[in-house]
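Enquirer: The structure is given below, and queries will be raised subsequently.
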Amino acid sequence: MTPTPWLVAVTAVAVISDAMLLPFYPQFFAARFGVTDPSHVGTYLAMSCLVVLVALPGWARLARRVGTLPLLLVTQLVAGGLSLSCAVVTSLPWFWGLSLAMLVAKASYLLVYPYLMHFEPQDRHATLIGTLSVVVHAGGILGAMVGGLVLEHWAAAQVFRVMAVGDALQVAVCAWLIRRGRAPHSTPHAAPATERAPASSGAILRLGLVMLLFTFSAYLARPFFARYWELASGLPGEVLAGAVFAIPGAVAVALLALDLLARRPAGQAILLPLAIGLVGLLLQASGEVTAILAGRVLFGWALFRITVRLELRLFQLSTPDRYASDFSKVHVFQGLGVLVASWGAGRLVEAFGLTAPFLIAATGLALCALAYRRLLVGAETRPAAPSDSVSART
């Protein structure tokens with residue numbers, strides 16, 4: 001039995017832990033430290049993205065020496081200790097230092113993704129990518145709900161104690177896998193005899209630019225969505241705001257279930273999902289409750305389809321011996337997208353109000369579609385296989 005199910009579980013726990021405060025950082029800083037400046041929240045989120053971006057290549061190099069799971073065992077143990085420290089610290093500068101150090105340690109779990117791809121044959125890559133995408137979205141659902149529940153009924157510091165429990169669970173799973181001998185070094189799955197030559201670095205970088213624009217657009221409206229929803233709907237309560245925030249995650253879970261039941265191919269079309277995501281953002285910017293809810297559904301459909309298809313394209317362009325290095329290259333672009341979105345969200349809200357992130361994100365998706373046509377159009381215009389032509393319509 002491969003370690004895949006257990007490693008997916010480790011990823012799920014990590015995502016839930018990371019998502020607990022994501023929609024509530026403005027409320028968290030206000031309740032814990034009395035900071036209400038939107039630009040402060042944006043700067044903190046940008047720094048959070050930056051430290052993860054800088055830490056990941058170092059963890060990747062170290063993992064090649066000691067193995068991925070032994071590395072995770074140590075880093076998540078450290079992360080748990082730092083989480084507990086964040087729960088008791090009362091100084092804002094100390095919180096910044098401890099929480100950013102915690103994120104450096106947590107960044108190592110991102111190595112699970114390319115590590116997992118070695119245990120699955122290429123014809124199952126789309127299913128694994130879809131499953132991991134749903135794990136991310138479902139983790140967003142549970143994380144937002146748990147975070148909202150903790151903030152609504154307990155002190156804000158308790159969120160970090162819950163995070164520490166998640167870190168302990170990850171440590172336990174990694175220790176169990178290592179003890180049972182299910183933690184081999186990454187060994188590429190046997191490639192089929194007809195495997196194509198690897199794509200050039202230029203193709204990977206062009207895909208990275210497209211992913212940067214997409215990730216920027218996907219994350220820009222997230223930091224202040226809970227506050228936006230409360231003001232637009234007039235309905236207070238972090239739990240309800242967390243539930244609305246998590247609608248795209250619920251849509252992703254439903255789509256994966258439908259795809260698995262229908263045994264539907266992953267598909268290749270990108271432009272149609274980008275257009276639907278753009279419409280979803282504009283509906284959310286309207287400020288009408290019904291339109292916001294409809295926009296969340298459309299946006300969730302688009303996010304799932306685009307994420308799976310872009311990441312599948314990455315592993316189609318790469319080869320097993322280059323999965324980790326090519327994944328790291330693309331992750332740099334994704335991290336930059338999150339960083340710019342996090343830094344810009346606070347400044348947009350401060351200057352233009354809570355609607356601005358939705359409008360700029362919609363513009364970003366339009367630019368993403370243009371970049372895809374300009375940079376990757378060669379792959380899009382090749383004759384599609386019969387399965388691709390069927391799935392493109394979905």
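Residues are referred to by chain and number: the chain letter is A, B, ... according to the order shown in the structure tokens, the number counts from 1 in that chain, and ligands are numbered separately from 1 in the order shown.
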Within 7 Å of region 33-41 of chain A, counting only C-alpha atoms, which residues show up once you throw out same-chain ones fewer than 4 positions away? Write them as a list of chain:residue names, please.
Expert: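 That gives A:Tyr25, A:Pro26, A:Phe29, A:Leu45, A:Leu92, A:Gly346, A:Arg347, A:Val349, A:Glu350.
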Enquirer: As a list in words, please: the residues near region 296-300 of chain A (cut-off 9 Å, only C-alpha atoms, same-chain neighbours under 5 positions excluded).
Expert: His137, Ala218, Val244, Phe245, Ala246, Ile247, Pro248, Gly249, Ala250, Val251, Ala252, Pro273, Ile276, Gly277, Leu278, Val279, Gly280, Leu281, Leu283, Gln284, Ala291 and Arg305 of chain A
Enquirer: Please produce an output containing N, CA, C and O atoms for each residue in the selection, written as a PDB file, in the first residue's frame.
Expert:
```pdb
ATOM      1  N   HIS A 137      -9.717  23.014  -0.971  1.00  0.00           N
ATOM      2  CA  HIS A 137     -10.993  23.718  -0.831  1.00  0.00           C
ATOM      3  C   HIS A 137     -11.771  23.244   0.399  1.00  0.00           C
ATOM      4  O   HIS A 137     -12.343  24.053   1.143  1.00  0.00           O
ATOM      5  N   ALA A 218      -7.227  34.936  -7.762  1.00  0.00           N
ATOM      6  CA  ALA A 218      -7.960  34.044  -6.869  1.00  0.00           C
ATOM      7  C   ALA A 218      -7.866  34.482  -5.413  1.00  0.00           C
ATOM      8  O   ALA A 218      -8.789  34.272  -4.628  1.00  0.00           O
ATOM      9  N   VAL A 244     -20.079  31.347   4.198  1.00  0.00           N
ATOM     10  CA  VAL A 244     -20.183  31.960   2.866  1.00  0.00           C
ATOM     11  C   VAL A 244     -18.822  32.005   2.200  1.00  0.00           C
ATOM     12  O   VAL A 244     -18.685  31.739   0.994  1.00  0.00           O
ATOM     13  N   PHE A 245     -17.790  32.309   2.969  1.00  0.00           N
ATOM     14  CA  PHE A 245     -16.426  32.309   2.437  1.00  0.00           C
ATOM     15  C   PHE A 245     -16.070  30.936   1.864  1.00  0.00           C
ATOM     16  O   PHE A 245     -15.348  30.825   0.862  1.00  0.00           O
ATOM     17  N   ALA A 246     -16.593  29.874   2.478  1.00  0.00           N
ATOM     18  CA  ALA A 246     -16.215  28.509   2.096  1.00  0.00           C
ATOM     19  C   ALA A 246     -17.061  27.938   0.966  1.00  0.00           C
ATOM     20  O   ALA A 246     -16.848  26.790   0.579  1.00  0.00           O
ATOM     21  N   ILE A 247     -18.009  28.688   0.424  1.00  0.00           N
ATOM     22  CA  ILE A 247     -18.851  28.168  -0.660  1.00  0.00           C
ATOM     23  C   ILE A 247     -18.024  27.632  -1.829  1.00  0.00           C
ATOM     24  O   ILE A 247     -18.320  26.542  -2.352  1.00  0.00           O
ATOM     25  N   PRO A 248     -16.993  28.336  -2.308  1.00  0.00           N
ATOM     26  CA  PRO A 248     -16.195  27.753  -3.398  1.00  0.00           C
ATOM     27  C   PRO A 248     -15.613  26.391  -3.058  1.00  0.00           C
ATOM     28  O   PRO A 248     -15.503  25.520  -3.932  1.00  0.00           O
ATOM     29  N   GLY A 249     -15.241  26.176  -1.821  1.00  0.00           N
ATOM     30  CA  GLY A 249     -14.738  24.874  -1.420  1.00  0.00           C
ATOM     31  C   GLY A 249     -15.794  23.795  -1.528  1.00  0.00           C
ATOM     32  O   GLY A 249     -15.522  22.678  -1.979  1.00  0.00           O
ATOM     33  N   ALA A 250     -17.029  24.119  -1.122  1.00  0.00           N
ATOM     34  CA  ALA A 250     -18.118  23.150  -1.242  1.00  0.00           C
ATOM     35  C   ALA A 250     -18.391  22.815  -2.700  1.00  0.00           C
ATOM     36  O   ALA A 250     -18.662  21.660  -3.051  1.00  0.00           O
ATOM     37  N   VAL A 251     -18.320  23.813  -3.564  1.00  0.00           N
ATOM     38  CA  VAL A 251     -18.515  23.579  -4.999  1.00  0.00           C
ATOM     39  C   VAL A 251     -17.425  22.652  -5.535  1.00  0.00           C
ATOM     40  O   VAL A 251     -17.693  21.739  -6.324  1.00  0.00           O
ATOM     41  N   ALA A 252     -16.180  22.845  -5.094  1.00  0.00           N
ATOM     42  CA  ALA A 252     -15.079  21.999  -5.555  1.00  0.00           C
ATOM     43  C   ALA A 252     -15.289  20.550  -5.135  1.00  0.00           C
ATOM     44  O   ALA A 252     -15.045  19.622  -5.918  1.00  0.00           O
ATOM     45  N   PRO A 273     -13.619  28.564 -18.233  1.00  0.00           N
ATOM     46  CA  PRO A 273     -13.629  28.742 -16.770  1.00  0.00           C
ATOM     47  C   PRO A 273     -13.152  30.120 -16.325  1.00  0.00           C
ATOM     48  O   PRO A 273     -13.661  30.671 -15.342  1.00  0.00           O
ATOM     49  N   ILE A 276     -16.086  32.443 -16.696  1.00  0.00           N
ATOM     50  CA  ILE A 276     -17.097  32.211 -15.658  1.00  0.00           C
ATOM     51  C   ILE A 276     -16.607  32.742 -14.317  1.00  0.00           C
ATOM     52  O   ILE A 276     -17.388  33.329 -13.543  1.00  0.00           O
ATOM     53  N   GLY A 277     -15.323  32.564 -14.020  1.00  0.00           N
ATOM     54  CA  GLY A 277     -14.785  33.124 -12.784  1.00  0.00           C
ATOM     55  C   GLY A 277     -14.868  34.640 -12.756  1.00  0.00           C
ATOM     56  O   GLY A 277     -15.162  35.244 -11.724  1.00  0.00           O
ATOM     57  N   LEU A 278     -14.628  35.273 -13.892  1.00  0.00           N
ATOM     58  CA  LEU A 278     -14.731  36.736 -13.992  1.00  0.00           C
ATOM     59  C   LEU A 278     -16.153  37.189 -13.681  1.00  0.00           C
ATOM     60  O   LEU A 278     -16.372  38.149 -12.927  1.00  0.00           O
ATOM     61  N   VAL A 279     -17.141  36.493 -14.253  1.00  0.00           N
ATOM     62  CA  VAL A 279     -18.543  36.824 -13.970  1.00  0.00           C
ATOM     63  C   VAL A 279     -18.841  36.649 -12.484  1.00  0.00           C
ATOM     64  O   VAL A 279     -19.532  37.475 -11.870  1.00  0.00           O
ATOM     65  N   GLY A 280     -18.311  35.582 -11.885  1.00  0.00           N
ATOM     66  CA  GLY A 280     -18.534  35.358 -10.459  1.00  0.00           C
ATOM     67  C   GLY A 280     -17.989  36.480  -9.599  1.00  0.00           C
ATOM     68  O   GLY A 280     -18.623  36.900  -8.624  1.00  0.00           O
ATOM     69  N   LEU A 281     -16.834  37.011  -9.956  1.00  0.00           N
ATOM     70  CA  LEU A 281     -16.264  38.133  -9.202  1.00  0.00           C
ATOM     71  C   LEU A 281     -17.100  39.395  -9.348  1.00  0.00           C
ATOM     72  O   LEU A 281     -17.314  40.126  -8.378  1.00  0.00           O
ATOM     73  N   LEU A 283     -20.285  39.565  -9.955  1.00  0.00           N
ATOM     74  CA  LEU A 283     -21.512  39.401  -9.183  1.00  0.00           C
ATOM     75  C   LEU A 283     -21.263  39.673  -7.700  1.00  0.00           C
ATOM     76  O   LEU A 283     -22.087  40.312  -7.029  1.00  0.00           O
ATOM     77  N   GLN A 284     -20.137  39.220  -7.186  1.00  0.00           N
ATOM     78  CA  GLN A 284     -19.824  39.472  -5.780  1.00  0.00           C
ATOM     79  C   GLN A 284     -19.603  40.958  -5.510  1.00  0.00           C
ATOM     80  O   GLN A 284     -19.923  41.456  -4.426  1.00  0.00           O
ATOM     81  N   ALA A 291     -26.750  37.979  -5.341  1.00  0.00           N
ATOM     82  CA  ALA A 291     -25.685  38.011  -6.344  1.00  0.00           C
ATOM     83  C   ALA A 291     -24.362  37.546  -5.745  1.00  0.00           C
ATOM     84  O   ALA A 291     -23.574  36.850  -6.417  1.00  0.00           O
ATOM     85  N   ARG A 305     -11.912  24.136 -11.719  1.00  0.00           N
ATOM     86  CA  ARG A 305     -11.570  23.722 -13.074  1.00  0.00           C
ATOM     87  C   ARG A 305     -10.204  24.284 -13.501  1.00  0.00           C
ATOM     88  O   ARG A 305      -9.369  23.577 -14.064  1.00  0.00           O
TER      89      ARG A 305
END
```
Enquirer: I want to know what sits within 9 Å of Phe225 (chain A), based on only C-alpha atoms, with residues of the same chain fewer than 5 positions away left out; could you give that as a PyMOL selection string?
Expert: chain A and resi 23-24+230+241+245+354
Enquirer: Could you dump the residues just selected with all heavy atoms as a CSV table (one decimal), in the first residue's frame?
Expert:
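Written file, result30.csv:
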```csv
chain,number,residue,atom,x,y,z
A,23,PRO,N,-9.8,34.2,6.5
A,23,PRO,CA,-10.8,35.2,6.2
A,23,PRO,C,-11.0,36.2,7.4
A,23,PRO,O,-11.8,37.1,7.3
A,23,PRO,CB,-12.1,34.4,6.0
A,23,PRO,CG,-11.9,33.1,6.8
A,23,PRO,CD,-10.4,32.9,6.8
A,24,PHE,N,-10.3,36.0,8.5
A,24,PHE,CA,-10.6,36.7,9.7
A,24,PHE,C,-9.4,37.5,10.3
A,24,PHE,O,-9.4,38.0,11.4
A,24,PHE,CB,-11.0,35.8,10.8
A,24,PHE,CG,-12.2,35.0,10.4
A,24,PHE,CD1,-12.2,33.6,10.3
A,24,PHE,CD2,-13.5,35.6,10.2
A,24,PHE,CE1,-13.3,32.8,10.0
A,24,PHE,CE2,-14.6,34.8,9.8
A,24,PHE,CZ,-14.5,33.5,9.7
A,230,GLU,N,-20.3,40.8,5.9
A,230,GLU,CA,-21.0,41.3,7.0
A,230,GLU,C,-21.7,42.7,6.7
A,230,GLU,O,-22.8,42.9,7.1
A,230,GLU,CB,-20.1,41.4,8.3
A,230,GLU,CG,-19.8,40.0,8.8
A,230,GLU,CD,-18.8,40.1,10.0
A,230,GLU,OE1,-18.4,41.2,10.3
A,230,GLU,OE2,-18.5,39.1,10.6
A,241,ALA,N,-20.2,34.1,8.2
A,241,ALA,CA,-19.3,34.7,7.3
A,241,ALA,C,-18.3,33.6,6.8
A,241,ALA,O,-18.0,33.5,5.6
A,241,ALA,CB,-18.5,35.8,7.9
A,245,PHE,N,-17.8,32.3,3.0
A,245,PHE,CA,-16.4,32.3,2.4
A,245,PHE,C,-16.1,30.9,1.9
A,245,PHE,O,-15.3,30.8,0.9
A,245,PHE,CB,-15.5,32.7,3.6
A,245,PHE,CG,-14.0,32.6,3.2
A,245,PHE,CD1,-13.4,33.7,2.6
A,245,PHE,CD2,-13.2,31.5,3.4
A,245,PHE,CE1,-12.1,33.7,2.2
A,245,PHE,CE2,-11.9,31.5,3.1
A,245,PHE,CZ,-11.3,32.6,2.5
A,354,LEU,N,-14.1,48.2,0.1
A,354,LEU,CA,-14.2,46.7,0.1
A,354,LEU,C,-14.5,46.1,-1.2
A,354,LEU,O,-14.3,44.9,-1.4
A,354,LEU,CB,-15.1,46.3,1.2
A,354,LEU,CG,-14.6,46.5,2.6
A,354,LEU,CD1,-15.8,46.3,3.6
A,354,LEU,CD2,-13.5,45.6,3.0
```
Enquirer: With region 148-160 of chain A as the partner and 10 Å as the cut-off, tabulate the residues of region 235-321 of chain A that qualify, each row holding the nearest pair of atoms and their distance in Å to one decimal, using only C-alpha atoms, sorted by chain and rising number, as a tab-separated table.
Expert:
```
residue	atom	partner	partner_atom	distance
A:Gly237	CA	A:Glu152	CA	7.1
A:Glu238	CA	A:Gly148	CA	4.6
A:Val239	CA	A:Gly148	CA	4.6
A:Leu240	CA	A:Gly148	CA	8.0
A:Ala241	CA	A:Gly148	CA	7.7
A:Gly242	CA	A:Gly148	CA	5.9
A:Ala243	CA	A:Gly148	CA	8.7
```
Enquirer: Emit the selected residues as a PDB file, in the first residue's frame, including N, CA, C and O atoms.
Expert:
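What follows is the written file selection-v4.pdb:
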```
ATOM      1  N   GLY A 237     -21.728  37.842  12.611  1.00  0.00           N
ATOM      2  CA  GLY A 237     -21.382  36.489  13.027  1.00  0.00           C
ATOM      3  C   GLY A 237     -20.284  35.890  12.161  1.00  0.00           C
ATOM      4  O   GLY A 237     -20.446  35.771  10.948  1.00  0.00           O
ATOM      5  N   GLU A 238     -19.175  35.507  12.806  1.00  0.00           N
ATOM      6  CA  GLU A 238     -18.053  34.950  12.060  1.00  0.00           C
ATOM      7  C   GLU A 238     -18.347  33.581  11.472  1.00  0.00           C
ATOM      8  O   GLU A 238     -17.824  33.215  10.423  1.00  0.00           O
ATOM      9  N   VAL A 239     -19.201  32.791  12.147  1.00  0.00           N
ATOM     10  CA  VAL A 239     -19.506  31.453  11.635  1.00  0.00           C
ATOM     11  C   VAL A 239     -20.228  31.544  10.301  1.00  0.00           C
ATOM     12  O   VAL A 239     -19.887  30.839   9.332  1.00  0.00           O
ATOM     13  N   LEU A 240     -21.229  32.429  10.202  1.00  0.00           N
ATOM     14  CA  LEU A 240     -21.953  32.592   8.941  1.00  0.00           C
ATOM     15  C   LEU A 240     -21.022  33.144   7.860  1.00  0.00           C
ATOM     16  O   LEU A 240     -21.032  32.676   6.708  1.00  0.00           O
ATOM     17  N   ALA A 241     -20.200  34.120   8.222  1.00  0.00           N
ATOM     18  CA  ALA A 241     -19.257  34.672   7.251  1.00  0.00           C
ATOM     19  C   ALA A 241     -18.282  33.602   6.766  1.00  0.00           C
ATOM     20  O   ALA A 241     -17.954  33.526   5.575  1.00  0.00           O
ATOM     21  N   GLY A 242     -17.834  32.752   7.688  1.00  0.00           N
ATOM     22  CA  GLY A 242     -16.946  31.669   7.302  1.00  0.00           C
ATOM     23  C   GLY A 242     -17.625  30.677   6.380  1.00  0.00           C
ATOM     24  O   GLY A 242     -17.009  30.149   5.448  1.00  0.00           O
ATOM     25  N   ALA A 243     -18.914  30.424   6.601  1.00  0.00           N
ATOM     26  CA  ALA A 243     -19.649  29.498   5.732  1.00  0.00           C
ATOM     27  C   ALA A 243     -19.777  30.059   4.316  1.00  0.00           C
ATOM     28  O   ALA A 243     -19.608  29.325   3.326  1.00  0.00           O
TER      29      ALA A 243
END
```
Enquirer: Excluding Leu209 (chain A) and residues on its chain fewer than 4 positions from it, collect all residues at most 9 Å away from it, counting only C-alpha atoms, and give them as JSON, numbers by chain.
Expert: {"A": [204, 205, 213, 214, 330, 333, 334, 368, 371, 372, 375]}
Enquirer: In Å, rounded to a single decimal, give me how far CA of Leu82 (chain A) is from CA of Ala101 (chain A).
Expert: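 Atom-to-atom, CA of Ala101 (chain A) to CA of Leu82 (chain A), that is 7.4 Å.
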Enquirer: Would you kindly return, as JSON, numbers by chain, each protein, DNA or RNA residue with an atom no farther than 10 Å from any atom of Tyr228 (chain A), considering only C-alpha atoms and excluding same-chain residues fewer than 5 positions away?
Expert: {"A": [221, 222, 223, 233, 234, 241, 284, 285, 287, 353, 354, 355]}
Enquirer: With only C-alpha atoms as the atoms that count, which of A:Trp301, A:Trp176, A:Trp229, A:Tyr113 lies nearest to Phe315 (chain A)?
Expert: A:Tyr113
Enquirer: So how far away is CA of Pro57 (chain A) from CA of Leu317 (chain A), in Å?
Expert: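 We find that CA of Leu317 (chain A) and CA of Pro57 (chain A) lie 20.5 Å from each other.
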Enquirer: When you count only C-alpha atoms, which of these residues is closest to Leu73 (chain A): A:Gln170, A:Thr215, A:Gln27, A:Ser99?
Expert: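 The shortest atom-to-atom distance to Leu73 (chain A) comes from A:Gln170.
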Enquirer: Considering only C-alpha atoms, state which residue in the set A:Val340, A:Ala302, A:Ala12, A:Val308 is at the smallest distance from Leu365 (chain A).
Expert: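 Ranked by minimum distance to Leu365 (chain A), first place goes to A:Ala302.
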